[in-house]
>>> print(open('target_25.cif').read())   # mmCIF, C-alpha atoms
data_data
#
loop_
_atom_site.label_atom_id
_atom_site.label_comp_id
_atom_site.auth_asym_id
_atom_site.auth_seq_id
_atom_site.Cartn_x
_atom_site.Cartn_y
_atom_site.Cartn_z
CA MET A 1 121.76 59.98 -128.99
CA ALA A 2 118.01 59.81 -129.29
CA ALA A 3 117.27 62.32 -126.56
CA SER A 4 120.06 64.73 -127.33
CA ALA A 5 118.02 66.84 -129.75
CA GLN A 6 114.85 68.73 -128.95
CA THR A 7 112.31 66.41 -130.45
CA PRO A 8 109.09 67.78 -131.92
CA LEU A 9 107.27 65.61 -129.39
CA ASP A 10 108.38 67.48 -126.31
CA ASP A 11 107.68 70.84 -127.91
CA VAL A 12 104.14 69.70 -128.59
CA PHE A 13 103.84 68.27 -125.08
CA TYR A 14 104.94 71.44 -123.36
CA SER A 15 103.34 74.01 -125.66
CA SER A 16 99.97 72.30 -125.77
CA GLY A 17 99.98 71.88 -122.01
CA LYS A 18 99.54 68.11 -122.28
CA ILE A 19 102.64 67.58 -120.18
CA TYR A 20 100.33 68.31 -117.24
CA VAL A 21 98.46 65.13 -118.05
CA VAL A 22 101.65 63.12 -117.66
CA ILE A 23 102.49 64.83 -114.39
CA ALA A 24 99.00 64.17 -113.08
CA VAL A 25 99.31 60.48 -113.95
CA LEU A 26 102.64 60.22 -112.14
CA VAL A 27 101.23 61.99 -109.10
CA ILE A 28 98.21 59.67 -109.03
CA ILE A 29 100.43 56.58 -109.20
CA PHE A 30 102.68 57.89 -106.48
CA LEU A 31 99.78 58.80 -104.21
CA GLY A 32 98.36 55.32 -104.73
CA ILE A 33 101.62 53.75 -103.58
CA ALA A 34 101.77 56.16 -100.63
CA PHE A 35 98.22 55.25 -99.64
CA TYR A 36 99.14 51.58 -99.70
CA LEU A 37 102.17 52.26 -97.49
CA PHE A 38 99.86 53.96 -94.97
CA ARG A 39 97.61 50.91 -94.96
CA LEU A 40 100.58 48.61 -94.38
CA ASP A 41 101.76 50.89 -91.58
CA ARG A 42 98.36 50.70 -89.87
CA LYS A 43 98.24 46.91 -90.19
CA ILE A 44 101.68 46.51 -88.64
CA THR A 45 100.72 48.90 -85.81
CA LYS A 46 97.67 46.72 -85.12
CA LEU A 47 99.80 43.58 -85.02
CA GLU A 48 102.24 45.26 -82.65
CA LYS A 49 99.44 46.19 -80.29
CA LYS A 50 98.07 42.67 -80.40
CA ASN A 51 101.54 41.32 -79.64
CA GLU A 52 102.00 43.57 -76.63
CA ALA A 53 98.68 42.62 -75.13
CA MET B 1 99.76 56.47 -81.43
CA ARG B 2 102.54 56.57 -83.92
CA LYS B 3 103.52 59.88 -85.41
CA TYR B 4 102.59 60.10 -89.06
CA TRP B 5 103.54 63.70 -89.78
CA TRP B 6 106.99 62.99 -91.24
CA LYS B 7 105.48 60.40 -93.56
CA ILE B 8 103.11 63.02 -94.88
CA VAL B 9 106.08 65.38 -95.32
CA ALA B 10 107.79 62.66 -97.39
CA ILE B 11 104.79 62.36 -99.71
CA VAL B 12 104.26 66.11 -100.08
CA PHE B 13 107.95 66.64 -100.87
CA ILE B 14 108.05 63.91 -103.51
CA VAL B 15 104.84 65.09 -105.15
CA TYR B 16 106.36 68.58 -105.25
CA ALA B 17 109.50 67.10 -106.81
CA ILE B 18 107.50 65.26 -109.50
CA ILE B 19 105.60 68.42 -110.45
CA GLY B 20 108.56 70.78 -110.03
CA GLY B 21 110.89 68.37 -111.77
CA PHE B 22 108.88 68.74 -114.95
CA LEU B 23 107.70 72.32 -114.74
CA MET B 24 110.29 74.41 -112.92
CA PRO B 25 112.82 76.21 -115.10
CA ALA B 26 116.07 74.26 -115.48
CA PRO B 27 119.19 74.46 -117.67
CA ASP B 28 117.54 72.50 -120.49
CA ASN B 29 120.18 73.06 -123.16
CA LEU B 30 123.36 71.48 -121.77
CA GLY B 31 125.28 69.56 -124.45
CA ILE B 32 124.20 65.95 -124.63
CA ILE B 33 121.93 66.19 -121.60
CA GLN B 34 119.24 68.62 -122.76
CA LYS B 35 115.93 68.17 -120.97
CA SER B 36 117.11 64.94 -119.36
CA ILE B 37 118.85 67.23 -116.81
CA ARG B 38 115.55 66.80 -114.96
CA ASN B 39 116.56 63.22 -114.17
CA LEU B 40 118.76 64.84 -111.54
CA HIS B 41 115.69 65.11 -109.31
CA PHE B 42 114.94 61.40 -109.56
CA HIS B 43 118.16 59.48 -110.19
CA VAL B 44 120.42 61.19 -107.64
CA PRO B 45 118.03 61.01 -104.64
CA MET B 46 118.04 57.21 -105.02
CA TRP B 47 121.76 57.18 -104.21
CA PHE B 48 121.51 59.72 -101.40
CA THR B 49 118.74 57.67 -99.82
CA MET B 50 120.82 54.53 -100.14
CA ILE B 51 123.85 56.16 -98.48
CA ILE B 52 121.83 57.56 -95.55
CA MET B 53 120.19 54.18 -95.00
CA LEU B 54 123.47 52.28 -95.12
CA PHE B 55 124.85 54.76 -92.60
CA THR B 56 121.87 54.07 -90.33
CA SER B 57 122.56 50.37 -90.66
CA TYR B 58 126.23 50.96 -89.82
CA ILE B 59 125.25 52.76 -86.60
CA ALA B 60 122.73 50.01 -85.77
CA GLY B 61 125.51 47.44 -86.26
CA ILE B 62 127.74 49.27 -83.78
CA LEU B 63 124.86 49.45 -81.29
CA PHE B 64 124.33 45.71 -81.68
CA LEU B 65 127.98 45.02 -80.94
CA ALA B 66 127.80 47.27 -77.87
CA LYS B 67 124.50 46.00 -76.45
CA THR B 68 123.84 42.60 -78.07
CA ASN B 69 120.17 43.47 -78.36
CA LEU B 70 118.70 41.65 -81.37
CA LYS B 71 116.45 44.57 -82.24
CA TYR B 72 119.53 46.45 -83.47
CA ASP B 73 120.35 43.54 -85.75
CA SER B 74 116.82 43.67 -87.20
CA LEU B 75 117.26 47.40 -87.69
CA ALA B 76 120.60 46.98 -89.45
CA SER B 77 119.46 44.22 -91.80
CA SER B 78 116.15 45.95 -92.67
CA PHE B 79 117.91 49.18 -93.59
CA VAL B 80 120.47 47.38 -95.74
CA LYS B 81 117.70 45.57 -97.58
CA VAL B 82 115.76 48.70 -98.46
CA ALA B 83 119.01 50.53 -99.22
CA MET B 84 119.72 47.83 -101.83
CA LEU B 85 116.32 48.46 -103.41
CA PHE B 86 117.23 52.13 -103.80
CA GLY B 87 120.73 51.27 -105.01
CA LEU B 88 119.37 48.96 -107.70
CA MET B 89 116.93 51.68 -108.78
CA GLY B 90 119.89 54.07 -108.90
CA LEU B 91 121.78 51.65 -111.14
CA ALA B 92 118.77 51.02 -113.39
CA THR B 93 117.87 54.68 -113.83
CA GLY B 94 121.53 55.61 -114.33
CA SER B 95 121.97 52.92 -116.95
CA PHE B 96 118.87 54.10 -118.80
CA TRP B 97 120.00 57.72 -118.65
CA ALA B 98 123.45 56.70 -119.90
CA ARG B 99 121.88 54.97 -122.90
CA PHE B 100 120.37 58.27 -124.06
CA THR B 101 123.27 60.57 -123.23
CA TRP B 102 126.44 58.48 -123.59
CA SER B 103 124.67 56.08 -126.01
CA GLU B 104 125.67 52.97 -124.01
CA TRP B 105 123.86 51.12 -121.25
CA TRP B 106 127.10 50.72 -119.35
CA ILE B 107 130.54 52.21 -119.81
CA GLU B 108 133.92 51.61 -118.22
CA ASP B 109 133.88 54.45 -115.76
CA ALA B 110 135.16 54.87 -112.22
CA LYS B 111 131.80 56.08 -110.94
CA LEU B 112 129.78 53.26 -112.48
CA ASN B 113 132.17 50.47 -111.63
CA GLY B 114 132.67 51.82 -108.10
CA ALA B 115 128.91 51.83 -107.55
CA ALA B 116 128.51 48.32 -108.96
CA ILE B 117 131.23 46.92 -106.69
CA GLY B 118 129.72 48.81 -103.74
CA ILE B 119 126.37 47.15 -104.34
CA MET B 120 128.02 43.74 -104.60
CA ILE B 121 129.66 44.24 -101.19
CA TYR B 122 126.22 44.56 -99.66
CA LEU B 123 124.80 41.64 -101.62
CA ALA B 124 127.57 39.60 -100.00
CA TYR B 125 126.29 40.92 -96.66
CA TYR B 126 123.13 38.91 -97.31
CA ILE B 127 124.97 35.80 -98.35
CA LEU B 128 126.86 36.05 -95.06
CA ARG B 129 123.62 36.54 -93.09
CA ASN B 130 121.94 33.55 -94.65
CA SER B 131 124.88 31.30 -93.97
CA ILE B 132 124.73 31.62 -90.16
CA GLU B 133 122.05 29.88 -88.09
CA ASP B 134 122.44 31.32 -84.61
CA ASP B 135 120.82 34.78 -84.31
CA VAL B 136 123.37 36.38 -82.00
CA LYS B 137 126.30 34.99 -83.97
CA LYS B 138 124.65 36.15 -87.19
CA GLY B 139 124.22 39.63 -85.75
CA LYS B 140 127.80 39.86 -84.58
CA PHE B 141 129.35 38.57 -87.80
CA THR B 142 127.29 40.87 -89.99
CA ALA B 143 127.82 43.88 -87.72
CA VAL B 144 131.57 43.41 -87.96
CA TYR B 145 131.29 42.92 -91.73
CA ASN B 146 129.22 46.12 -91.88
CA LEU B 147 131.87 47.96 -89.87
CA PHE B 148 134.31 47.41 -92.72
CA ALA B 149 131.81 47.44 -95.58
CA PHE B 150 130.46 50.95 -95.08
CA PRO B 151 133.78 52.86 -95.18
CA ILE B 152 134.90 50.81 -98.20
CA PHE B 153 131.55 51.50 -99.85
CA ILE B 154 131.93 55.27 -99.36
CA VAL B 155 135.44 55.12 -100.81
CA LEU B 156 134.19 53.15 -103.81
CA ILE B 157 131.23 55.33 -104.73
CA ILE B 158 132.49 58.79 -103.75
CA ILE B 159 136.24 59.05 -103.19
CA TYR B 160 137.56 56.66 -105.83
CA PRO B 161 135.50 58.21 -108.69
CA ARG B 162 136.67 61.70 -107.62
CA MET B 163 140.28 60.58 -107.78
CA ALA B 164 139.94 58.98 -111.20
CA GLU B 165 141.66 60.84 -114.01
CA THR B 166 138.71 60.91 -116.33
CA SER B 167 135.04 60.17 -116.04
CA LEU B 168 131.85 60.91 -117.91
CA HIS B 169 129.76 61.00 -114.77
CA PRO B 170 129.22 64.44 -113.20
CA ALA B 171 131.27 65.28 -110.09
CA SER B 172 133.86 62.55 -110.73
CA GLY B 173 137.31 62.62 -112.23
CA ASP B 174 137.58 65.67 -114.47
CA THR B 175 133.89 66.56 -114.59
CA VAL B 176 131.97 69.20 -112.67
CA GLY B 177 128.93 68.58 -110.50
CA PHE B 178 125.50 70.08 -111.02
CA SER B 179 126.22 72.87 -108.56
CA ASP B 180 128.57 74.45 -111.11
CA LEU B 181 125.89 74.38 -113.78
CA ASP B 182 123.04 75.56 -111.61
CA LEU B 183 123.95 79.23 -111.66
CA ASP B 184 120.47 80.58 -110.95
CA ASN B 185 119.67 77.95 -108.30
CA ASN B 186 116.69 76.62 -110.25
CA LEU B 187 117.74 72.98 -109.88
CA ARG B 188 118.37 73.32 -106.17
CA LYS B 189 114.80 74.42 -105.51
CA VAL B 190 113.59 71.02 -106.60
CA PHE B 191 116.60 68.81 -106.00
CA TYR B 192 117.03 69.40 -102.27
CA VAL B 193 113.34 68.88 -101.61
CA ALA B 194 113.33 65.72 -103.74
CA THR B 195 116.35 64.30 -101.92
CA PHE B 196 114.89 65.00 -98.50
CA GLY B 197 111.53 63.53 -99.52
CA TRP B 198 113.05 60.31 -100.86
CA ILE B 199 115.24 59.89 -97.78
CA LEU B 200 112.14 60.13 -95.61
CA LEU B 201 110.20 57.71 -97.82
CA GLY B 202 113.06 55.21 -97.80
CA THR B 203 113.30 55.46 -94.03
CA TRP B 204 109.56 54.88 -93.80
CA ILE B 205 109.70 51.71 -95.90
CA ALA B 206 112.73 50.47 -93.95
CA THR B 207 111.03 51.05 -90.59
CA LEU B 208 108.04 49.04 -91.84
CA LYS B 209 110.42 46.25 -92.76
CA TYR B 210 112.11 46.56 -89.38
CA ARG B 211 108.83 46.40 -87.45
CA LEU B 212 107.78 43.35 -89.43
CA THR B 213 111.12 41.63 -88.78
CA GLU B 214 110.76 42.35 -85.06
CA LEU B 215 107.21 40.92 -85.03
CA GLN B 216 108.46 37.76 -86.73
CA ARG B 217 111.37 37.42 -84.33
CA LYS B 218 109.17 37.83 -81.26
CA ASP B 219 106.69 35.37 -82.73
CA GLU B 220 109.44 32.77 -83.10
CA GLU B 221 110.61 33.28 -79.52
CA ILE B 222 107.25 32.25 -78.09
#
>>> encode(input="target_25.cif", output="structure tokens")
Amino acid sequence: MAASAQTPLDDVFYSSGKIYVVIAVLVIIFLGIAFYLFRLDRKITKLEKKNEA
Amino acid sequence: MRKYWWKIVAIVFIVYAIIGGFLMPAPDNLGIIQKSIRNLHFHVPMWFTMIIMLFTSYIAGILFLAKTNLKYDSLASSFVKVAMLFGLMGLATGSFWARFTWSEWWIEDAKLNGAAIGIMIYLAYYILRNSIEDDVKKGKFTAVYNLFAFPIFIVLIIIYPRMAETSLHPASGDTVGFSDLDLDNNLRKVFYVATFGWILLGTWIATLKYRLTELQRKDEEI
């Protein structure tokens, strides 16, 4: 039942605004993965074009 | 030139869901759930994405049976594969969430067991695929398997848990779903966007897998 009570930690996180740091980190990681997916997409498109030619 | 706009929509929606999931107001004081209610925006979209992708694969299987074009078989198998990734993430996140709300990693529950059996049905789909050499035969066998697997899967993960007498999982057995708790619509503002974003992202990954499978197949033909 560790998360069932309001822990002091999340009060500190939210009230001090540091939760934004965590959100920013998650967004950065996600954008990095998204960027990599775009690169993969481009590479496959190139291969497809080469195959058609 | 391929159209990228819907891929950008996927990313924008998920980024919105990550930020909104933490910061938007939500019913943060529900019994044993507390602030972990925000997992709704991350755990549930995994399952929705999986279901949509398995449905796509089901349709692709029917198209393969109708037209015997191997590209539909590539489509079906790619979507099942990525759907399994999302299903396993759904199981893992659900198990973790359960540990901190129900205090067990896994419990005997219609929803959980139904989902686990559902996943196993599709793992068997891959065992079946790998056991057949001929491409057309492989496509036909797995498309027919898929024809039966998808309806059984839906029964196992949605209908059977609803019919169970008791359950701890929301929207199964005697429990209510989030829509009954979300009286001021705060969860919906994030949840629907998150679900749509993840469905698009899953579809994107699956189409990449599909295009790669097609390239490999055409390469082998030459």
>>> interface_residues(input="target_25.cif", of="chain B", to="chain A", cutoff="8 Å", atoms="only C-alpha atoms", output="PyMOL selection string")
chain B and resi 11+15+18-19+22+31-34+36+99-103+205+208+211-212+215
>>> atom_distance(input="target_25.cif", atom1="atom CA of Lys111 of chain B", atom2="atom CA of Phe150 of chain B")
16.7 Å
>>> resolve_selection(input="target_25.cif", expression="the PyMOL selection byres ((chain B and resi 51) around 10)", output="ChimeraX atom specification")
/B:45-50,52-57,80,83-84,86-87,150,153-154,157,199
>>> atom_distance(input="target_25.cif", atom1="atom CA of Thr93 of chain B", atom2="atom CA of Leu147 of chain B")
28.6 Å
>>> closest_residue(input="target_25.cif", among="B:Leu181, B:Leu75, B:Ala143, B:Ala26", to="Ala206 of chain B", atoms="only C-alpha atoms")
B:Leu75
>>> closest_residue(input="target_25.cif", among="B:Leu40, B:Ala98, B:Leu70, B:Leu168", to="Gly20 of chain B", atoms="only C-alpha atoms")
B:Leu40
>>> atom_distance(input="target_25.cif", atom1="atom CA of Phe178 of chain B", atom2="atom CA of Val82 of chain B")
26.6 Å
>>> resolve_selection(input="target_25.cif", expression="the PyMOL selection byres ((chain B and resi 187-190) around 7)", output="ChimeraX atom specification")
/B:17,20-21,26,41,182,185-186,191-194
>>> closest_residue(input="target_25.cif", among="B:Glu108, B:Leu123, B:Glu221, B:Thr207", to="Asn146 of chain B", atoms="all atoms listed in the file")
B:Leu123
>>> residues_around(input="target_25.cif", residues="Val136 of chain B", least_positions_apart="4", cutoff="9 Å", atoms="all atoms listed in the file", output="PyMOL selection string")
chain B and resi 68-70+73+140-141
>>> residues_near_point(input="target_25.cif", point="(133.5, 49.5, -105.3)", cutoff="7 Å", atoms="all atoms listed in the file", output="count of residues only")
9
>>> residues_around(input="target_25.cif", residues="Pro170 of chain B", least_positions_apart="4", cutoff="12 Å", atoms="only C-alpha atoms", output="ChimeraX atom specification")
/B:33,37,40,44,94,98,109-112,158,161-162,166,174-181
>>> residues_around(input="target_25.cif", residues="Leu200 of chain B", least_positions_apart="2", cutoff="8 Å", atoms="all atoms listed in the file", output="list of chain:residue names")
B:Trp6, B:Lys7, B:Ala10, B:Phe196, B:Gly197, B:Trp198, B:Gly202, B:Thr203, B:Trp204
>>> build_atoms(input="target_25.cif", residues="segment 68-92 of chain B", atoms="N, CA and C atoms", output="mmCIF file, in the coordinates of the input")
data_model
loop_
_atom_site.group_PDB
_atom_site.id
_atom_site.type_symbol
_atom_site.label_atom_id
_atom_site.label_comp_id
_atom_site.auth_asym_id
_atom_site.auth_seq_id
_atom_site.Cartn_x
_atom_site.Cartn_y
_atom_site.Cartn_z
ATOM 1 N N THR B 68 124.326 43.938 -77.750
ATOM 2 C CA THR B 68 123.840 42.600 -78.070
ATOM 3 C C THR B 68 122.321 42.459 -77.962
ATOM 4 N N ASN B 69 121.625 43.533 -78.320
ATOM 5 C CA ASN B 69 120.170 43.470 -78.360
ATOM 6 C C ASN B 69 119.755 43.179 -79.813
ATOM 7 N N LEU B 70 119.008 42.089 -80.007
ATOM 8 C CA LEU B 70 118.700 41.650 -81.370
ATOM 9 C C LEU B 70 117.876 42.657 -82.175
ATOM 10 N N LYS B 71 117.232 43.602 -81.477
ATOM 11 C CA LYS B 71 116.450 44.570 -82.240
ATOM 12 C C LYS B 71 117.365 45.445 -83.110
ATOM 13 N N TYR B 72 118.605 45.665 -82.653
ATOM 14 C CA TYR B 72 119.530 46.450 -83.470
ATOM 15 C C TYR B 72 119.970 45.681 -84.704
ATOM 16 N N ASP B 73 120.019 44.352 -84.579
ATOM 17 C CA ASP B 73 120.350 43.540 -85.750
ATOM 18 C C ASP B 73 119.219 43.593 -86.773
ATOM 19 N N SER B 74 117.961 43.533 -86.290
ATOM 20 C CA SER B 74 116.820 43.670 -87.200
ATOM 21 C C SER B 74 116.863 45.013 -87.902
ATOM 22 N N LEU B 75 117.185 46.058 -87.124
ATOM 23 C CA LEU B 75 117.260 47.400 -87.690
ATOM 24 C C LEU B 75 118.326 47.457 -88.788
ATOM 25 N N ALA B 76 119.500 46.934 -88.492
ATOM 26 C CA ALA B 76 120.600 46.980 -89.450
ATOM 27 C C ALA B 76 120.254 46.229 -90.730
ATOM 28 N N SER B 77 119.711 45.024 -90.595
ATOM 29 C CA SER B 77 119.460 44.220 -91.800
ATOM 30 C C SER B 77 118.302 44.796 -92.617
ATOM 31 N N SER B 78 117.279 45.359 -91.935
ATOM 32 C CA SER B 78 116.150 45.950 -92.670
ATOM 33 C C SER B 78 116.614 47.149 -93.481
ATOM 34 N N PHE B 79 117.459 47.989 -92.872
ATOM 35 C CA PHE B 79 117.910 49.180 -93.590
ATOM 36 C C PHE B 79 118.820 48.816 -94.759
ATOM 37 N N VAL B 80 119.634 47.786 -94.608
ATOM 38 C CA VAL B 80 120.470 47.380 -95.740
ATOM 39 C C VAL B 80 119.590 46.885 -96.890
ATOM 40 N N LYS B 81 118.561 46.134 -96.539
ATOM 41 C CA LYS B 81 117.700 45.570 -97.580
ATOM 42 C C LYS B 81 117.029 46.655 -98.401
ATOM 43 N N VAL B 82 116.438 47.634 -97.723
ATOM 44 C CA VAL B 82 115.760 48.700 -98.460
ATOM 45 C C VAL B 82 116.773 49.603 -99.163
ATOM 46 N N ALA B 83 117.942 49.769 -98.557
ATOM 47 C CA ALA B 83 119.010 50.530 -99.220
ATOM 48 C C ALA B 83 119.379 49.875 -100.552
ATOM 49 N N MET B 84 119.395 48.541 -100.582
ATOM 50 C CA MET B 84 119.720 47.830 -101.830
ATOM 51 C C MET B 84 118.654 48.078 -102.893
ATOM 52 N N LEU B 85 117.395 48.141 -102.464
ATOM 53 C CA LEU B 85 116.320 48.460 -103.410
ATOM 54 C C LEU B 85 116.604 49.805 -104.075
ATOM 55 N N PHE B 86 116.953 50.804 -103.255
ATOM 56 C CA PHE B 86 117.230 52.130 -103.800
ATOM 57 C C PHE B 86 118.500 52.113 -104.652
ATOM 58 N N GLY B 87 119.497 51.357 -104.232
ATOM 59 C CA GLY B 87 120.730 51.270 -105.010
ATOM 60 C C GLY B 87 120.490 50.651 -106.385
ATOM 61 N N LEU B 88 119.657 49.601 -106.414
ATOM 62 C CA LEU B 88 119.370 48.960 -107.700
ATOM 63 C C LEU B 88 118.551 49.898 -108.589
ATOM 64 N N MET B 89 117.665 50.695 -107.985
ATOM 65 C CA MET B 89 116.930 51.680 -108.780
ATOM 66 C C MET B 89 117.873 52.764 -109.279
ATOM 67 N N GLY B 90 118.880 53.112 -108.460
ATOM 68 C CA GLY B 90 119.890 54.070 -108.900
ATOM 69 C C GLY B 90 120.675 53.539 -110.086
ATOM 70 N N LEU B 91 121.039 52.261 -110.021
ATOM 71 C CA LEU B 91 121.780 51.650 -111.140
ATOM 72 C C LEU B 91 120.911 51.589 -112.393
ATOM 73 N N ALA B 92 119.665 51.173 -112.233
ATOM 74 C CA ALA B 92 118.770 51.020 -113.390
ATOM 75 C C ALA B 92 118.490 52.365 -114.053
#
